[in-house]
Each structure stands twice: as structure tokens, then as C-alpha cells.
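> A single structure is presented below for examination.
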Amino acid sequence: QVQLVESGGGSVQAGGSLRLSCAASGYTYSNYCMGWFRQAPGKVREGVAAIATGGGSTYYADSVKGRFTISQDNAKNTLYLQMNSLKPEDTAMYYCVARRMGWAGCFAVYPADFGYWGQGTQVTVSS
């Protein structure tokens, strides 16, 4: 059974940093597309970043490019999201997601593309 467990959320002031972690278990970590979505109150879920665990290619939403970095530790089956220069508009529940790699590449755009979701970790950025 696939399990994704997020950690690392918290409260920071604008301009600060946080690192989210996602521990994956229950499947062969390689050859998956893993990523992060976020959802703020009253808003739709938004894709943040994604990484192909086999090849390492990455995707970032325009809103986080240059500030967030997605990475992985294959030996630990763990996904990370380093978030720098945080803004109040980054405040949201952040979800780790996973799906098998397909022919279309690895992007965090449509939530329905991902069959596996963690429970989420809250990030709050104050001004």
C-alpha cells in the first residue's frame, strides 16, 4: 500500500524558509512522478513542483520558480521541497503526490493526474 507522509510545515515570517519532506513507502520509488500541490482556504488546489524520480527532471509553477527547489533522496525514498523567500500568498496546506511515470512527462498541473496523496502539512507565512 502506497503511503506518503509529509512533515516540515510550520509558521514563518515573510522572507523566511522552510523545508518540507515526504517519506514514501509501499512501492518501488524509482520511475515515479512525485510532486507537491497546495491548497489555500477558498481556493483550488495548485500544482507547485514535480520531479521524475528516475531521471530527475523537474517542473515548477511560475509562482514559485527561483524560490522553491524540489529534490529527492532515492536511498531514503524521500522527497523534499525547499522553500525560500516565502510570501504570505504561499500560505496553504501542502500535499505530497505520486503517480507512475507515463509517456507525457512529469508535471504538477492537474490534481486528477495523481493517484496517491499524503495528508498534507500546513505552511503559514505572516507579513
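Labeling convention for the C-alpha cells: chains A, B, ... as they appear, residues from 1 per chain, ligands from 1 in order of appearance.
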What lies within 8 Å of Ala50 in chain A using only C-alpha atoms, ignoring chain neighbours under 2 positions off, as number ranges by chain?
A: 33-36, 48, 52, 58-60, 70, 106-108
> Find the spatial neighbours of Ser126 in chain A, counting only C-alpha atoms, within a cut-off of 6 Å - ignore same-chain residues fewer than 3 positions away - and output them as JSON, numbers by chain.
{"A": [13, 14, 88]}
> Give me the residues near Ser30 in chain A as a PDB file with C-alpha atoms, in the first residue's frame, where near means some atom within 8 Å (using only C-alpha atoms) and where sequence neighbours in that chain fewer than 4 positions away do not count.

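Written out: out_19.pdb:
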```pdb
ATOM      1  CA  THR A  53      12.316  10.024  -9.601  1.00  0.00           C
ATOM      2  CA  GLY A  54      14.064   8.029 -12.316  1.00  0.00           C
ATOM      3  CA  ASN A  74      16.411   7.925  -3.518  1.00  0.00           C
TER       4      ASN A  74
END
```
> If you measure from CA of Gln39 in chain A to CA of Gly16 in chain A, what distance in Å do you get, rounded to one decimal?
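About the pair CA of Gln39 in chain A and CA of Gly16 in chain A: they are 19.7 Å apart.
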> So which residues of chain A fall under strand (DSSP E or B) by DSSP, listed as number ranges by chain?
A: 3-7, 10-13, 18-25, 32-39, 46-52, 58-60, 68-73, 78-83, 92-100, 116-117, 121-126
> Could you check the closest approach to Tyr27 in chain A for each of A:Val2, A:Lys87, A:Thr78, A:Tyr95 and tell me which residue wins, using only C-alpha atoms?
A:Val2
> Point out the residue among A:Val12, A:Leu18, A:Ala24, A:Val125 with the least atom-to-atom distance to Ala75 in chain A, counting only C-alpha atoms.
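The answer is A:Ala24, which sits nearest to Ala75 in chain A.
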> I'd like the neighbourhood of Met83 in chain A as a ChimeraX atom specification, where a residue qualifies if any of its atoms comes within 9 Å (using only C-alpha atoms), though same-chain residues fewer than 6 positions away should be ignored.
/A:16-20,64,67-70
> Write the selection just made, keeping N, CA, C and O atoms, as a short mmCIF file (atom, residue, chain, number, x, y, z; two decimals), in the first residue's frame?

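What landed in again00.cif:
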```
data_model
loop_
_atom_site.label_atom_id
_atom_site.label_comp_id
_atom_site.auth_asym_id
_atom_site.auth_seq_id
_atom_site.Cartn_x
_atom_site.Cartn_y
_atom_site.Cartn_z
N GLY A 16 11.24 34.24 5.00
CA GLY A 16 11.85 33.09 5.65
C GLY A 16 11.85 31.85 4.77
O GLY A 16 11.44 31.89 3.60
N SER A 17 12.33 30.76 5.36
CA SER A 17 12.46 29.49 4.63
C SER A 17 11.88 28.34 5.43
O SER A 17 11.86 28.37 6.66
N LEU A 18 11.46 27.33 4.71
CA LEU A 18 11.02 26.06 5.28
C LEU A 18 11.41 24.95 4.33
O LEU A 18 11.51 25.17 3.12
N ARG A 19 11.63 23.75 4.87
CA ARG A 19 11.87 22.58 4.02
C ARG A 19 10.83 21.52 4.37
O ARG A 19 10.78 21.05 5.51
N LEU A 20 10.05 21.15 3.39
CA LEU A 20 9.08 20.09 3.54
C LEU A 20 9.71 18.76 3.14
O LEU A 20 10.53 18.71 2.21
N VAL A 64 6.44 29.93 -8.16
CA VAL A 64 7.47 29.54 -7.21
C VAL A 64 8.86 29.42 -7.84
O VAL A 64 9.84 29.17 -7.12
N ARG A 67 12.39 30.38 -6.26
CA ARG A 67 12.27 30.43 -4.79
C ARG A 67 12.19 29.02 -4.18
O ARG A 67 12.71 28.81 -3.09
N PHE A 68 11.56 28.11 -4.86
CA PHE A 68 11.39 26.74 -4.36
C PHE A 68 12.28 25.79 -5.14
O PHE A 68 12.50 25.97 -6.34
N THR A 69 12.75 24.75 -4.45
CA THR A 69 13.55 23.70 -5.09
C THR A 69 13.04 22.34 -4.67
O THR A 69 12.97 22.07 -3.46
N ILE A 70 12.71 21.51 -5.64
CA ILE A 70 12.30 20.14 -5.35
C ILE A 70 13.49 19.22 -5.52
O ILE A 70 14.30 19.40 -6.45
#
```
